[in-house]
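Comments concern the structure below.
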Amino acid sequence: MEISKRCVGCGQCAAFCPKEAIIVKGIAFITADCIQCRICMAYCPMKAIEESV
Amino acid sequence: MRVLVIGSGLGGLLSAACLLRAGHEVDVFERLPITGGRFTNIEYKGFQLSTGALHMIPHGPTGPLGTLLRYLGSDVQIVRADPMATIRTPIEKDSTDYTHGFQDIDFHDFGKRFSLLNKIKLTVLITTTRIFPPKKGSMADWCSKNLKDDWALRIADSFCGWALSLRAKDVPAAEVFEIIENMYRYSGSGIPLGGCKGVIDTLIDVITSCGGKIHTSSEVSRIIIEDKKAVGIVTDDGKEHRGDIVISDIGHIETSRLYDANMATEDMEKYLTSIKELKPSAGVKICLSSNEPLIGHAGVLLTPYARRINGINEVTNIDPSLAPPGKHLTMAHQCVEWENLNRLKDEIDLGLSDLAEIFAGKDYEVLLIQSYSGEWPVNRASSGTDPTNKTPFEGLYIVGDGAKGKGGIEVDGIALGVRNAIKDILNQKNQSID
Ligand SMILES: Cc1cc2nc3c(=O)[nH]c(=O)nc-3n(C[C@H](O)[C@H](O)[C@H](O)COP(=O)(O)OP(=O)(O)OC[C@H]3O[C@@H](n4cnc5c(N)ncnc54)[C@H](O)[C@@H]3O)c2cc1C
Ligand code: SF4
Ligand code: SF4
């Protein structure tokens with residue numbers, strides 16, 4: 001998963017990640033614990049989470 | 001009438017409930033899987049954090065939002081915070097930080113820190129400005145012109161930062177006096193039981209029991225305009241939905257991206273130029289967990305001598321269910337000036353070191369740091385700059401914190417704006433809201 005520049009750092013994604021794989025400080029950062037389940041994508045109000053290609 | 005609402009934030013849901021009560025058909029479309037926008041709960045490590053707000057209703061149970069919720073049949077309980085606010089001041093008179101100790105004074109006693117001359121001036125000023133509010137200038141201008149006291153400007157900055165996420169230099173003085181007037185009229189803030197979601201859940205109940213429909217994970221991609229009138233919307237699945245009224249809860253600017261703005265009429269150009277000037281307010285909320293209370297009451301602790309933190313509340317003093325058993329939830333707010341947005345991490349670090357001083361010797365843990373700006377801001381239109389609820393198109397209205405009513409702040413301003421919009425809509429059908 002990739003975080004785009006649109007991220008404002010609201011932390012909403014972190015609350016819905018089942019793996020606690022998102023750290024937020026001004027911008028979100030996805031850790032190695034991510035299992036690519038894509039749940040966070042739907043909850044981002046800024047559409048800032050994209051699938052890595 | 002068939003009404004289509006874009007966005008299920010507080011403004012969208014309040015509008016939907018008002019029009020359903022007046023007997024109309026309403027569909028709400030929400031892009032996210034959850035309702036409530038920036039005013040609902042998100043669970044994090046067992047705590048009821050929020051998508052935005054600090055679980056606080058500025059004008060409490062009897063303010064514009066509390067009154068509208070009761071009118072709509074919502075049974076959410078809003079508990080008034082007592083004391084309304086305390087102010088943390090350094091213990092040594094000439095000190096400008098909290099490192100040598102501090103004392104908390106009641107908000108109503110803030111005049112005590114002034115010199116005798118300024119005390120007399122303040123008494124006179126408070127009475128005269130209540131009768132003759134200043135027409136021009138910012139709150140910071142007003143303080144430096146009338147009080148010439150470092151304390152006055154600090155209080156103004158901390159109050160504006162907490163309540164509006166703005167610096168005193170960026171708020172018209174007239175707006176601040178109107179807010180203070182309303183604080184006395186409605187006597188201060190309250191915490192809804194269950195937090196923000198306590199309010200949203202009761203609104204959803206009202207909406208569904210009146211036959212209203214809420215479609216989540218359903219983004220509106222276009223507003224259909226025909227003959228300068230809004231006649232429907234298109235959702236991201238390509239479906240067209242026709243209606244008589246479209247109400248948008250996403251602010252004037254974002255709404256204007258949903259229609260063809262090239263219909264160059266003079267009205268349209270004027271409108272587009274005016275909304276381009278709108279600046280959303282930015283801020284950071286730092287959520288803390290502790291075993292012992294850090295503040296001890298549920299009103300706001302204003303921190304005028306911190307570098308960045310403007311104010312802090314501890315909602316578990318009113319509703320313990322917002323934290324796991326035996327824990328407290330404390331939330332600090334800091335305004336971020338627009339020119340500092342490109343160094344947000346440094347701003348957050350300043351906020352964190354403020355908290356270390358404010359809560360020196362106390363045990364707490366930082367749960368989550370949440371920042372807001374741009375299209376997901378603290379307020380879409382910073383207080384005092386809100387345009388009306390109308391647009392150049394017949395049948396297209398804007399509600400929410402991009403079109404607040406005058407004098408109410410935050411969600412109370414949203415409630416005032418919704419009332420204005422609904423009044424206008426119902427007037428055209430010869431109906432009234434009261
Ligand atoms: C850190 C912080 C602290 C705050 N503290 C307080 C407080 O303590 N008290 C208080 O009163 N206020 C507070 N506020 C302000 C308050 O949270 C907001 O003013 C309020 O929640 C905004 O409501 P709204 O109706 O404008 O809509 P929003 O909450 O912005 O809702 C809009 C909705 O529309 C949806 N949407 C967007 N685009 C589309 C589309 N194309 N199609 C469909 N749906 C769409 C969004 O997903 C969202 O759900 C705070 C805000 C922040 C950020
Ligand atoms: S994809 Fe799933 S695991 Fe990865 S960050 Fe998003 S929610 Fe967490
Ligand atoms: S929800 Fe979106 S905007 Fe908010 S922190 Fe996560 S990625 Fe950033």
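Chain labels follow the order of the structure tokens: the first chain is A, the next B, and so on; residue numbering restarts at 1 in every chain, and ligands are counted from 1 in their shown order.
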
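The residue set within 7 Å of stretch 34-39 of chain B, counting only C-alpha atoms and dropping same-chain residues fewer than 6 places from it, reads B:Ser8, B:Gly9, B:Leu10, B:Ser50, B:Thr51, B:Gly52, B:Ala53, B:Cys196, B:Ile200, B:Thr216.
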
At most 7 Å from ligand 3 (only C-alpha atoms and all ligand atoms): residue list as an mmCIF file with N, CA and C atoms, in the first residue's frame:
data_model
loop_
_atom_site.group_PDB
_atom_site.id
_atom_site.type_symbol
_atom_site.label_atom_id
_atom_site.label_comp_id
_atom_site.auth_asym_id
_atom_site.auth_seq_id
_atom_site.Cartn_x
_atom_site.Cartn_y
_atom_site.Cartn_z
ATOM 1 N N ILE A 3 0.998 5.624 0.418
ATOM 2 C CA ILE A 3 0.305 6.826 0.882
ATOM 3 C C ILE A 3 0.689 7.970 -0.057
ATOM 4 N N ARG A 6 -1.752 13.399 -0.905
ATOM 5 C CA ARG A 6 -3.046 13.932 -0.478
ATOM 6 C C ARG A 6 -3.292 13.722 1.019
ATOM 7 N N CYS A 7 -2.556 12.793 1.651
ATOM 8 C CA CYS A 7 -2.762 12.471 3.069
ATOM 9 C C CYS A 7 -2.594 13.725 3.936
ATOM 10 N N VAL A 8 -3.581 13.966 4.835
ATOM 11 C CA VAL A 8 -3.465 15.105 5.758
ATOM 12 C C VAL A 8 -3.029 14.655 7.158
ATOM 13 N N GLY A 9 -3.016 13.346 7.405
ATOM 14 C CA GLY A 9 -2.583 12.843 8.711
ATOM 15 C C GLY A 9 -3.701 12.715 9.730
ATOM 16 N N CYS A 10 -4.943 12.486 9.264
ATOM 17 C CA CYS A 10 -6.096 12.471 10.187
ATOM 18 C C CYS A 10 -6.184 11.211 11.037
ATOM 19 N N GLY A 11 -5.458 10.160 10.657
ATOM 20 C CA GLY A 11 -5.406 8.965 11.502
ATOM 21 C C GLY A 11 -6.598 8.026 11.379
ATOM 22 N N GLN A 12 -7.539 8.378 10.524
ATOM 23 C CA GLN A 12 -8.742 7.546 10.409
ATOM 24 C C GLN A 12 -8.395 6.118 9.964
ATOM 25 N N CYS A 13 -7.471 5.985 9.012
ATOM 26 C CA CYS A 13 -7.080 4.671 8.499
ATOM 27 C C CYS A 13 -6.526 3.792 9.623
ATOM 28 N N ALA A 14 -5.740 4.415 10.529
ATOM 29 C CA ALA A 14 -5.074 3.650 11.596
ATOM 30 C C ALA A 14 -6.095 2.936 12.468
ATOM 31 N N VAL A 24 0.909 7.261 12.399
ATOM 32 C CA VAL A 24 0.548 8.575 11.862
ATOM 33 C C VAL A 24 1.237 9.695 12.638
ATOM 34 N N ILE A 27 1.505 12.677 8.675
ATOM 35 C CA ILE A 27 1.218 11.897 7.468
ATOM 36 C C ILE A 27 1.231 10.428 7.887
ATOM 37 N N ALA A 28 0.489 9.587 7.158
ATOM 38 C CA ALA A 28 0.448 8.170 7.537
ATOM 39 C C ALA A 28 1.660 7.435 6.974
ATOM 40 N N TYR A 43 -11.659 3.742 4.051
ATOM 41 C CA TYR A 43 -11.951 4.650 5.166
ATOM 42 C C TYR A 43 -11.212 5.974 5.076
ATOM 43 N N CYS A 44 -10.334 6.126 4.105
ATOM 44 C CA CYS A 44 -9.578 7.379 4.018
ATOM 45 C C CYS A 44 -10.439 8.483 3.399
ATOM 46 N N PRO A 45 -10.680 9.565 4.134
ATOM 47 C CA PRO A 45 -11.534 10.631 3.596
ATOM 48 C C PRO A 45 -10.852 11.420 2.485
ATOM 49 N N MET A 46 -9.539 11.246 2.325
ATOM 50 C CA MET A 46 -8.796 11.994 1.314
ATOM 51 C C MET A 46 -8.458 11.136 0.090
ATOM 52 N N LYS A 47 -8.891 9.912 0.061
ATOM 53 C CA LYS A 47 -8.515 8.962 -1.001
ATOM 54 C C LYS A 47 -7.001 8.984 -1.201
ATOM 55 N N ALA A 48 -6.276 8.893 -0.090
ATOM 56 C CA ALA A 48 -4.817 9.040 -0.162
ATOM 57 C C ALA A 48 -4.083 7.712 -0.143
ATOM 58 N N ILE A 49 -4.836 6.597 -0.027
ATOM 59 C CA ILE A 49 -4.155 5.295 0.031
ATOM 60 C C ILE A 49 -4.342 4.555 -1.286
#

What residues have any atom no more than 6 Å from ligand 1 when counting only C-alpha atoms and all ligand atoms, and can you list them as a PyMOL selection string?
(chain A and resi 45) or (chain B and resi 6-12+29-32+35-39+52-58+219-221+249-250+283-285+372+377-379+400-401+410-411)

With the cut-off set at 8 Å and counting only C-alpha atoms and all ligand atoms, tabulate each residue of chain A with an atom at most that distance from an atom of ligand 2, showing the nearest atom pair and its distance in Å to one decimal, ordered by chain and increasing number, as CSV.
residue,atom,partner,partner_atom_place_in_ligand_line,distance
A:Met1,CA,ligand 2,1 (S),6.1
A:Cys13,CA,ligand 2,7 (S),7.0
A:Ala14,CA,ligand 2,8 (Fe),7.3
A:Phe16,CA,ligand 2,7 (S),6.3
A:Cys17,CA,ligand 2,7 (S),3.6
A:Pro18,CA,ligand 2,8 (Fe),5.8
A:Lys19,CA,ligand 2,3 (S),5.2
A:Glu20,CA,ligand 2,8 (Fe),6.4
A:Ala21,CA,ligand 2,8 (Fe),5.1
A:Ile22,CA,ligand 2,5 (S),5.6
A:Ile30,CA,ligand 2,5 (S),5.7
A:Thr31,CA,ligand 2,5 (S),7.5
A:Asp33,CA,ligand 2,3 (S),6.8
A:Cys34,CA,ligand 2,4 (Fe),3.7
A:Ile35,CA,ligand 2,3 (S),4.4
A:Gln36,CA,ligand 2,1 (S),3.8
A:Cys37,CA,ligand 2,2 (Fe),3.9
A:Arg38,CA,ligand 2,1 (S),3.8
A:Ile39,CA,ligand 2,7 (S),4.4
A:Cys40,CA,ligand 2,7 (S),4.1
A:Met41,CA,ligand 2,6 (Fe),6.5

Run DSSP on the backbone and grab whatever in chain A lands in strand (DSSP E); send it over as an NGL selection string.
:A and (2-3 or 22-24 or 28-30 or 49-50)

May I have a table of the residues of chain B lying at most 6 Å from chain A, giving each one's closest pair of atoms and their distance in Å to one decimal, counting only C-alpha atoms, ordered by chain and ascending residue number, as a Markdown table?
| residue | atom | partner | partner_atom | distance |
| --- | --- | --- | --- | --- |
| B:Leu32 | CA | A:Tyr43 | CA | 5.9 |
| B:Tyr44 | CA | A:Ala15 | CA | 5.3 |
| B:Leu344 | CA | A:Gly26 | CA | 5.9 |
| B:Lys345 | CA | A:Gly26 | CA | 5.7 |
| B:Ile369 | CA | A:Lys25 | CA | 6.0 |
| B:Gln370 | CA | A:Cys10 | CA | 4.5 |
| B:Ser371 | CA | A:Cys10 | CA | 4.8 |
| B:Tyr372 | CA | A:Cys10 | CA | 5.8 |

Please provide as a PyMOL selection string all residues within 12 Å of B:Asp149, with the sequence filter that same-chain residues fewer than 2 positions apart are discarded (counting only C-alpha atoms).
chain B and resi 111+113-115+117-119+121-122+140-147+151-156

Excluding B:Gly296 and its own-chain neighbours fewer than 6 positions away, which residues fall within 10 Å of it when counting only C-alpha atoms? Please give them as a list in words.
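After dropping sequence-adjacent residues, the list is Asn313, Glu314, Val315, Thr316, Asn317 and His328 of chain B.
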
So the first atom is atom CA of B:Arg257 and the second is atom CA of B:Thr273; what is the distance between them in Å, to one decimal place?
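Separation between atom CA of B:Arg257 and atom CA of B:Thr273: 13.8 Å.
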
Mind giving me the straight-line distance from atom CA of B:Ile179 to atom CA of B:Lys406 in Å, one decimal?
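About the pair atom CA of B:Ile179 and atom CA of B:Lys406: they are 9.3 Å apart.
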
Nearest to B:Ala360 among B:Arg419, B:Lys148, B:His100, B:Arg343, with distances taken over only C-alpha atoms: which residue is it?
B:His100

If you run DSSP on the backbone here, which positions in stretch 148-312 of chain B get alpha helix (DSSP H)? Please write them as a ChimeraX atom specification.
/B:150-164,173-186,196-209,251-256,266-276

Option closest in space to B:Ser248, from B:Leu19, B:Ile398, B:Val26, B:Ile425 [counting only C-alpha atoms]
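Counting only C-alpha atoms, the residue closest to B:Ser248 is B:Ile398.
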